[in-house]
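Asks: Input protein22.pdb, format and content: PDB, C-alpha atoms.
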```
ATOM      1  CA  ALA A 139      -8.848  12.799  12.971  1.00  0.00           C
ATOM      2  CA  ILE A 140      -9.001  11.352   9.466  1.00  0.00           C
ATOM      3  CA  GLN A 141      -5.433  12.343   8.586  1.00  0.00           C
ATOM      4  CA  ALA A 142      -4.085  11.093  11.931  1.00  0.00           C
ATOM      5  CA  GLY A 143      -5.923   7.794  11.482  1.00  0.00           C
ATOM      6  CA  ALA A 144      -4.509   7.387   7.977  1.00  0.00           C
ATOM      7  CA  VAL A 145      -0.987   8.038   9.241  1.00  0.00           C
ATOM      8  CA  ALA A 146      -1.476   5.494  12.041  1.00  0.00           C
ATOM      9  CA  ILE A 147      -2.733   2.822   9.618  1.00  0.00           C
ATOM     10  CA  ILE A 148       0.207   3.397   7.273  1.00  0.00           C
ATOM     11  CA  GLY A 149       2.656   3.212  10.192  1.00  0.00           C
ATOM     12  CA  ILE A 150       1.179  -0.063  11.462  1.00  0.00           C
ATOM     13  CA  ILE A 151       1.130  -1.692   8.012  1.00  0.00           C
ATOM     14  CA  CYS A 152       4.724  -0.581   7.421  1.00  0.00           C
ATOM     15  CA  ALA A 153       5.755  -2.014  10.809  1.00  0.00           C
ATOM     16  CA  GLU A 154       4.056  -5.349  10.012  1.00  0.00           C
ATOM     17  CA  ASN A 155       5.837  -5.660   6.666  1.00  0.00           C
ATOM     18  CA  LEU A 156       9.182  -4.645   8.171  1.00  0.00           C
ATOM     19  CA  ALA A 157       8.831  -7.298  10.877  1.00  0.00           C
ATOM     20  CA  VAL A 158       8.042 -10.053   8.391  1.00  0.00           C
ATOM     21  CA  ALA A 159      10.875  -8.946   6.097  1.00  0.00           C
ATOM     22  CA  ILE A 160      13.411  -8.753   8.954  1.00  0.00           C
ATOM     23  CA  GLN A 161      12.453 -11.644  11.221  1.00  0.00           C
ATOM     24  CA  GLY A 162      10.290 -13.753   8.912  1.00  0.00           C
ATOM     25  CA  THR A 163       7.313 -13.949  11.260  1.00  0.00           C
ATOM     26  CA  ALA A 164       4.289 -11.877  12.079  1.00  0.00           C
ATOM     27  CA  PRO A 165       5.120  -9.255  14.693  1.00  0.00           C
ATOM     28  CA  GLU A 166       3.650  -8.807  18.129  1.00  0.00           C
ATOM     29  CA  PRO A 167       0.954  -6.098  18.268  1.00  0.00           C
ATOM     30  CA  LEU A 168       3.015  -4.063  20.745  1.00  0.00           C
ATOM     31  CA  TRP A 169       5.972  -4.145  18.332  1.00  0.00           C
ATOM     32  CA  ASN A 170       3.699  -2.804  15.557  1.00  0.00           C
ATOM     33  CA  LEU A 171       2.551   0.010  17.796  1.00  0.00           C
ATOM     34  CA  ILE A 172       6.057   1.003  18.864  1.00  0.00           C
ATOM     35  CA  ILE A 173       7.595   0.854  15.379  1.00  0.00           C
ATOM     36  CA  GLY A 174       4.587   2.634  13.835  1.00  0.00           C
ATOM     37  CA  ALA A 175       4.916   5.403  16.436  1.00  0.00           C
ATOM     38  CA  VAL A 176       8.679   5.699  15.832  1.00  0.00           C
ATOM     39  CA  LEU A 177       8.129   5.959  12.066  1.00  0.00           C
ATOM     40  CA  THR A 178       5.450   8.603  12.586  1.00  0.00           C
ATOM     41  CA  ALA A 179       7.679  10.561  14.984  1.00  0.00           C
ATOM     42  CA  GLY A 180      10.467  10.432  12.407  1.00  0.00           C
ATOM     43  CA  LEU A 181       8.164  11.961   9.807  1.00  0.00           C
ATOM     44  CA  VAL A 182       7.108  14.662  12.247  1.00  0.00           C
ATOM     45  CA  VAL A 183      10.762  15.527  12.920  1.00  0.00           C
ATOM     46  CA  ALA A 184      11.549  15.637   9.187  1.00  0.00           C
ATOM     47  CA  ASN A 185       8.644  18.012   8.569  1.00  0.00           C
ATOM     48  CA  VAL A 186       9.520  20.204  11.570  1.00  0.00           C
ATOM     49  CA  LEU A 187      13.026  20.567  10.133  1.00  0.00           C
ATOM     50  CA  GLY A 188      11.505  22.195   7.064  1.00  0.00           C
ATOM     51  CA  VAL A 189       9.806  21.758   3.745  1.00  0.00           C
ATOM     52  CA  ARG A 190      12.956  20.515   2.004  1.00  0.00           C
ATOM     53  CA  ALA A 191      13.606  17.821   4.604  1.00  0.00           C
ATOM     54  CA  GLY A 192       9.965  16.694   4.519  1.00  0.00           C
ATOM     55  CA  ALA A 193       9.919  16.699   0.720  1.00  0.00           C
ATOM     56  CA  THR A 194      13.161  14.722   0.578  1.00  0.00           C
ATOM     57  CA  VAL A 195      11.792  12.045   2.911  1.00  0.00           C
ATOM     58  CA  GLN A 196       8.564  11.893   0.908  1.00  0.00           C
ATOM     59  CA  ASN A 197      10.379  11.641  -2.424  1.00  0.00           C
ATOM     60  CA  VAL A 198      12.725   8.914  -1.170  1.00  0.00           C
ATOM     61  CA  THR A 199       9.893   6.857   0.314  1.00  0.00           C
ATOM     62  CA  VAL A 200       7.729   7.173  -2.812  1.00  0.00           C
ATOM     63  CA  VAL A 201      10.593   6.053  -5.055  1.00  0.00           C
ATOM     64  CA  ALA A 202      11.386   3.177  -2.670  1.00  0.00           C
ATOM     65  CA  LYS A 203       7.729   2.101  -2.585  1.00  0.00           C
ATOM     66  CA  LEU A 204       7.367   2.200  -6.372  1.00  0.00           C
ATOM     67  CA  ALA A 205      10.662   0.339  -6.851  1.00  0.00           C
ATOM     68  CA  THR A 206       9.578  -2.317  -4.348  1.00  0.00           C
ATOM     69  CA  LEU A 207       6.208  -2.821  -6.036  1.00  0.00           C
ATOM     70  CA  ALA A 208       7.888  -2.951  -9.459  1.00  0.00           C
ATOM     71  CA  ALA A 209      10.291  -5.593  -8.104  1.00  0.00           C
ATOM     72  CA  ILE A 210       7.362  -7.641  -6.782  1.00  0.00           C
ATOM     73  CA  CYS A 211       5.690  -7.414 -10.204  1.00  0.00           C
ATOM     74  CA  GLY A 212       8.983  -8.523 -11.773  1.00  0.00           C
ATOM     75  CA  LEU A 213       9.160 -11.495  -9.405  1.00  0.00           C
ATOM     76  CA  ALA A 214       5.602 -12.444 -10.327  1.00  0.00           C
ATOM     77  CA  ALA A 215       6.417 -12.244 -14.043  1.00  0.00           C
ATOM     78  CA  TRP A 216       9.539 -14.378 -13.543  1.00  0.00           C
ATOM     79  CA  ALA A 217       8.353 -16.947 -10.977  1.00  0.00           C
ATOM     80  CA  PRO A 218       5.864 -19.675 -11.744  1.00  0.00           C
ATOM     81  CA  PRO A 219       2.372 -18.784 -10.549  1.00  0.00           C
ATOM     82  CA  ALA A 220       1.055 -20.204  -7.297  1.00  0.00           C
ATOM     83  CA  GLU A 221      -0.798 -23.470  -7.614  1.00  0.00           C
ATOM     84  CA  ILE A 222      -4.496 -22.836  -7.404  1.00  0.00           C
ATOM     85  CA  GLN A 223      -6.380 -25.589  -5.661  1.00  0.00           C
ATOM     86  CA  ALA A 224     -10.013 -26.053  -6.459  1.00  0.00           C
ATOM     87  CA  PRO A 225     -12.127 -25.355  -3.397  1.00  0.00           C
ATOM     88  CA  PRO A 226     -14.168 -28.229  -2.051  1.00  0.00           C
ATOM     89  CA  ALA A 227     -17.741 -28.270  -3.224  1.00  0.00           C
ATOM     90  CA  ALA A 228     -19.699 -26.599  -0.480  1.00  0.00           C
ATOM     91  CA  GLU A 229     -22.427 -24.135   0.135  1.00  0.00           C
ATOM     92  CA  PRO A 230     -21.160 -20.701  -0.948  1.00  0.00           C
ATOM     93  CA  ALA A 231     -20.636 -18.355   1.952  1.00  0.00           C
ATOM     94  CA  THR A 232     -22.787 -15.275   2.088  1.00  0.00           C
ATOM     95  CA  LEU A 233     -21.060 -11.948   1.969  1.00  0.00           C
ATOM     96  CA  GLY A 234     -22.242  -9.710   4.758  1.00  0.00           C
ATOM     97  CA  PHE A 235     -22.057  -5.934   4.768  1.00  0.00           C
ATOM     98  CA  ALA A 236     -19.284  -5.873   7.390  1.00  0.00           C
ATOM     99  CA  ALA A 237     -17.027  -8.180   5.354  1.00  0.00           C
ATOM    100  CA  LEU A 238     -17.676  -6.250   2.143  1.00  0.00           C
ATOM    101  CA  PHE A 239     -17.054  -2.914   3.888  1.00  0.00           C
ATOM    102  CA  ALA A 240     -13.796  -4.173   5.436  1.00  0.00           C
ATOM    103  CA  GLY A 241     -12.514  -5.301   2.037  1.00  0.00           C
ATOM    104  CA  VAL A 242     -13.577  -2.197   0.149  1.00  0.00           C
ATOM    105  CA  THR A 243     -12.303   0.262   2.765  1.00  0.00           C
ATOM    106  CA  ILE A 244      -8.661  -0.619   2.169  1.00  0.00           C
ATOM    107  CA  THR A 245      -9.184  -0.366  -1.583  1.00  0.00           C
ATOM    108  CA  LEU A 246     -10.751   3.073  -1.257  1.00  0.00           C
ATOM    109  CA  PHE A 247      -7.926   4.102   1.074  1.00  0.00           C
ATOM    110  CA  SER A 248      -5.346   3.200  -1.576  1.00  0.00           C
ATOM    111  CA  TYR A 249      -7.091   5.361  -4.187  1.00  0.00           C
ATOM    112  CA  GLY A 250      -7.592   8.294  -1.816  1.00  0.00           C
ATOM    113  CA  GLY A 251      -5.343  11.293  -1.541  1.00  0.00           C
ATOM    114  CA  TRP A 252      -5.920  12.974  -4.887  1.00  0.00           C
ATOM    115  CA  GLN A 253      -8.118  15.582  -3.199  1.00  0.00           C
ATOM    116  CA  GLN A 254      -5.155  16.676  -1.081  1.00  0.00           C
ATOM    117  CA  ALA A 255      -3.577  18.217  -4.173  1.00  0.00           C
ATOM    118  CA  LEU A 256      -6.232  20.917  -3.883  1.00  0.00           C
ATOM    119  CA  TRP A 257      -4.837  21.997  -0.501  1.00  0.00           C
ATOM    120  CA  ILE A 258      -1.698  23.294  -2.187  1.00  0.00           C
ATOM    121  CA  GLY A 259      -3.399  24.600  -5.348  1.00  0.00           C
ATOM    122  CA  GLY A 260      -2.715  28.195  -4.371  1.00  0.00           C
ATOM    123  CA  GLU A 261       1.019  27.504  -4.168  1.00  0.00           C
ATOM    124  CA  VAL A 262       1.349  25.876  -7.604  1.00  0.00           C
ATOM    125  CA  VAL A 263       2.639  27.805 -10.600  1.00  0.00           C
ATOM    126  CA  ASP A 264      -0.088  27.928 -13.284  1.00  0.00           C
ATOM    127  CA  ALA A 265      -2.489  25.984 -11.051  1.00  0.00           C
ATOM    128  CA  ARG A 266      -5.339  25.963 -13.616  1.00  0.00           C
ATOM    129  CA  ARG A 267      -3.172  23.840 -15.900  1.00  0.00           C
ATOM    130  CA  ASN A 268      -0.878  21.938 -13.510  1.00  0.00           C
ATOM    131  CA  VAL A 269      -3.267  20.836 -10.716  1.00  0.00           C
ATOM    132  CA  PRO A 270      -5.677  18.950 -13.032  1.00  0.00           C
ATOM    133  CA  ARG A 271      -2.715  17.337 -14.789  1.00  0.00           C
ATOM    134  CA  ALA A 272      -1.154  16.323 -11.475  1.00  0.00           C
ATOM    135  CA  ILE A 273      -4.440  14.836 -10.250  1.00  0.00           C
ATOM    136  CA  LEU A 274      -5.022  12.889 -13.480  1.00  0.00           C
ATOM    137  CA  PHE A 275      -1.427  11.629 -13.647  1.00  0.00           C
ATOM    138  CA  GLY A 276      -1.414  10.758  -9.951  1.00  0.00           C
ATOM    139  CA  VAL A 277      -4.698   8.843 -10.080  1.00  0.00           C
ATOM    140  CA  LEU A 278      -3.624   6.966 -13.224  1.00  0.00           C
ATOM    141  CA  ALA A 279      -0.284   6.091 -11.645  1.00  0.00           C
ATOM    142  CA  VAL A 280      -2.006   4.788  -8.508  1.00  0.00           C
ATOM    143  CA  VAL A 281      -4.435   2.689 -10.591  1.00  0.00           C
ATOM    144  CA  VAL A 282      -1.593   1.153 -12.621  1.00  0.00           C
ATOM    145  CA  VAL A 283       0.558   0.437  -9.560  1.00  0.00           C
ATOM    146  CA  TYR A 284      -2.393  -0.887  -7.529  1.00  0.00           C
ATOM    147  CA  LEU A 285      -3.617  -3.230 -10.264  1.00  0.00           C
ATOM    148  CA  GLY A 286      -0.083  -4.396 -11.087  1.00  0.00           C
ATOM    149  CA  SER A 287       0.796  -5.143  -7.481  1.00  0.00           C
ATOM    150  CA  ASN A 288      -2.490  -6.958  -6.880  1.00  0.00           C
ATOM    151  CA  TRP A 289      -1.917  -9.073  -9.983  1.00  0.00           C
ATOM    152  CA  ALA A 290       1.527  -9.926  -8.613  1.00  0.00           C
ATOM    153  CA  TYR A 291       0.169 -10.837  -5.169  1.00  0.00           C
ATOM    154  CA  PHE A 292      -2.485 -13.147  -6.608  1.00  0.00           C
ATOM    155  CA  ASP A 293      -0.019 -14.644  -9.084  1.00  0.00           C
ATOM    156  CA  LEU A 294       2.563 -15.339  -6.389  1.00  0.00           C
ATOM    157  CA  LEU A 295       0.266 -16.417  -3.555  1.00  0.00           C
ATOM    158  CA  GLY A 296      -3.047 -17.435  -5.102  1.00  0.00           C
ATOM    159  CA  PHE A 297      -6.371 -16.412  -3.598  1.00  0.00           C
ATOM    160  CA  ASP A 298      -5.980 -18.373  -0.363  1.00  0.00           C
ATOM    161  CA  GLY A 299      -2.426 -17.111   0.110  1.00  0.00           C
ATOM    162  CA  VAL A 300      -3.537 -13.494  -0.282  1.00  0.00           C
ATOM    163  CA  ARG A 301      -6.439 -14.047   2.085  1.00  0.00           C
ATOM    164  CA  GLU A 302      -4.236 -15.648   4.750  1.00  0.00           C
ATOM    165  CA  ALA A 303      -1.192 -13.360   4.368  1.00  0.00           C
ATOM    166  CA  LYS A 304       0.004 -11.613   7.514  1.00  0.00           C
ATOM    167  CA  ALA A 305       2.080  -9.070   5.562  1.00  0.00           C
ATOM    168  CA  LEU A 306       1.071  -9.279   1.921  1.00  0.00           C
ATOM    169  CA  ALA A 307       4.150  -7.848   0.204  1.00  0.00           C
ATOM    170  CA  ALA A 308       6.597  -9.716   2.436  1.00  0.00           C
ATOM    171  CA  ASP A 309       4.679 -12.992   2.065  1.00  0.00           C
ATOM    172  CA  ALA A 310       4.586 -12.622  -1.733  1.00  0.00           C
ATOM    173  CA  VAL A 311       8.321 -11.995  -1.953  1.00  0.00           C
ATOM    174  CA  GLY A 312       8.966 -14.782   0.566  1.00  0.00           C
ATOM    175  CA  ARG A 313       7.361 -17.308  -1.754  1.00  0.00           C
ATOM    176  CA  VAL A 314      10.073 -16.699  -4.367  1.00  0.00           C
ATOM    177  CA  LEU A 315      12.943 -15.560  -2.137  1.00  0.00           C
ATOM    178  CA  PRO A 316      12.509 -17.307   1.220  1.00  0.00           C
TER     179      PRO A 316
END
```
Rewrite the structure of this file - the entire thing - as structure tokens.

Replies:
Amino acid sequence: AIQAGAVAIIGIICAENLAVAIQGTAPEPLWNLIIGAVLTAGLVVANVLGVRAGATVQNVTVVAKLATLAAICGLAAWAPPAEIQAPPAAEPATLGFAALFAGVTITLFSYGGWQQALWIGGEVVDARRNVPRAILFGVLAVVVVYLGSNWAYFDLLGFDGVREAKALAADAVGRVLP
């Protein structure tokens, strides 16, 4: 159930960003569901075709994702930062458990996955040396990419823009390249 839920969340987020990138507006929920299901079915087909086909799709999508996030960081470094408006003086809002949990859950989700390297540990050549290295390199890469992309989002959109974004990556790019 956990893996299926993670796949569904990734499919829906991908569908939302695709819709904003293609049509410039937030998609209808039904559209998200259909496109997310089609993307998931495509991954199932690639993996049914064999390990090489599944690995090729995974490698291509990882490279595309990293290139996209690097491009967004480049846009943030090149474009002037978003204007930050001072909030009106008001009573600070209290942060409830539900709001904190909702915000932290996505962050934890982005750092998750390292434990899955252990599932294939028996298949790795010299696993005692290579699995720990892969986990350390993978976690460090995720931390660097996650912090860099979040810096870019806040630089391009500001706090309010990030909070109100319908599709964060597409909205950030849209600020510089409408």

Asks: Of the candidates A:Leu168, A:Ala307, A:Ile160, A:Leu207, which shows the shortest atom-to-atom distance to Val280 of chain A, using only C-alpha atoms?

Replies: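 So, comparing all the options, the nearest one is A:Leu207.
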
Asks: Can you spell out as a ChimeraX atom specification the set of residues that the PyMOL selection byres ((chain A and resi 283-297) around 9) selects in the structure I just provided?

Replies: /A:204,207-208,210-215,217-223,248-249,278-282,298-303,306-307,309-311,313-314

Asks: Give me, please, the distance in Å between atom CA of Ala255 of chain A and atom CA of Ala179 of chain A, quoted to one decimal.

Replies: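 Computing the Euclidean distance for atom CA of Ala255 of chain A and atom CA of Ala179 of chain A yields 23.5 Å.
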
Asks: Using all atoms listed in the file, which of the listed residues (A:Gly174, A:Gly192, A:Gly241, A:Pro167) sits closest to Gly143 of chain A?

Replies: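 Of all the options, A:Gly174 lies closest to Gly143 of chain A.
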
Asks: Could you work out how far atom CA of Ala153 of chain A lies from atom CA of Trp169 of chain A, giving the answer in Å with one decimal?

Replies: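 Going from atom CA of Trp169 of chain A over to atom CA of Ala153 of chain A covers 7.8 Å.
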
Asks: Please, what distance in Å, to one decimal, runs between atom CA of Ile172 of chain A and atom CA of Gly149 of chain A?

Replies: 9.6 Å

Asks: Out of A:Gln254, A:Ala265, A:Gly188, A:Ile173, which residue has the shortest atom-to-atom distance to Val277 of chain A when counting only C-alpha atoms?

Replies: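 Using only C-alpha atoms, Val277 of chain A sits closest to A:Gln254.
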
Asks: Using all atoms of segment 166-175 of chain A listed in the file and a margin of 3 Å per side, can you give the axis-aligned box centre and edge lengths in Å to one decimal, as lines of an AutoDock Vina configuration file?

Replies:
```
center_x = 4.3
center_y = -1.7
center_z = 17.3
size_x = 12.6
size_y = 20.2
size_z = 12.9
```
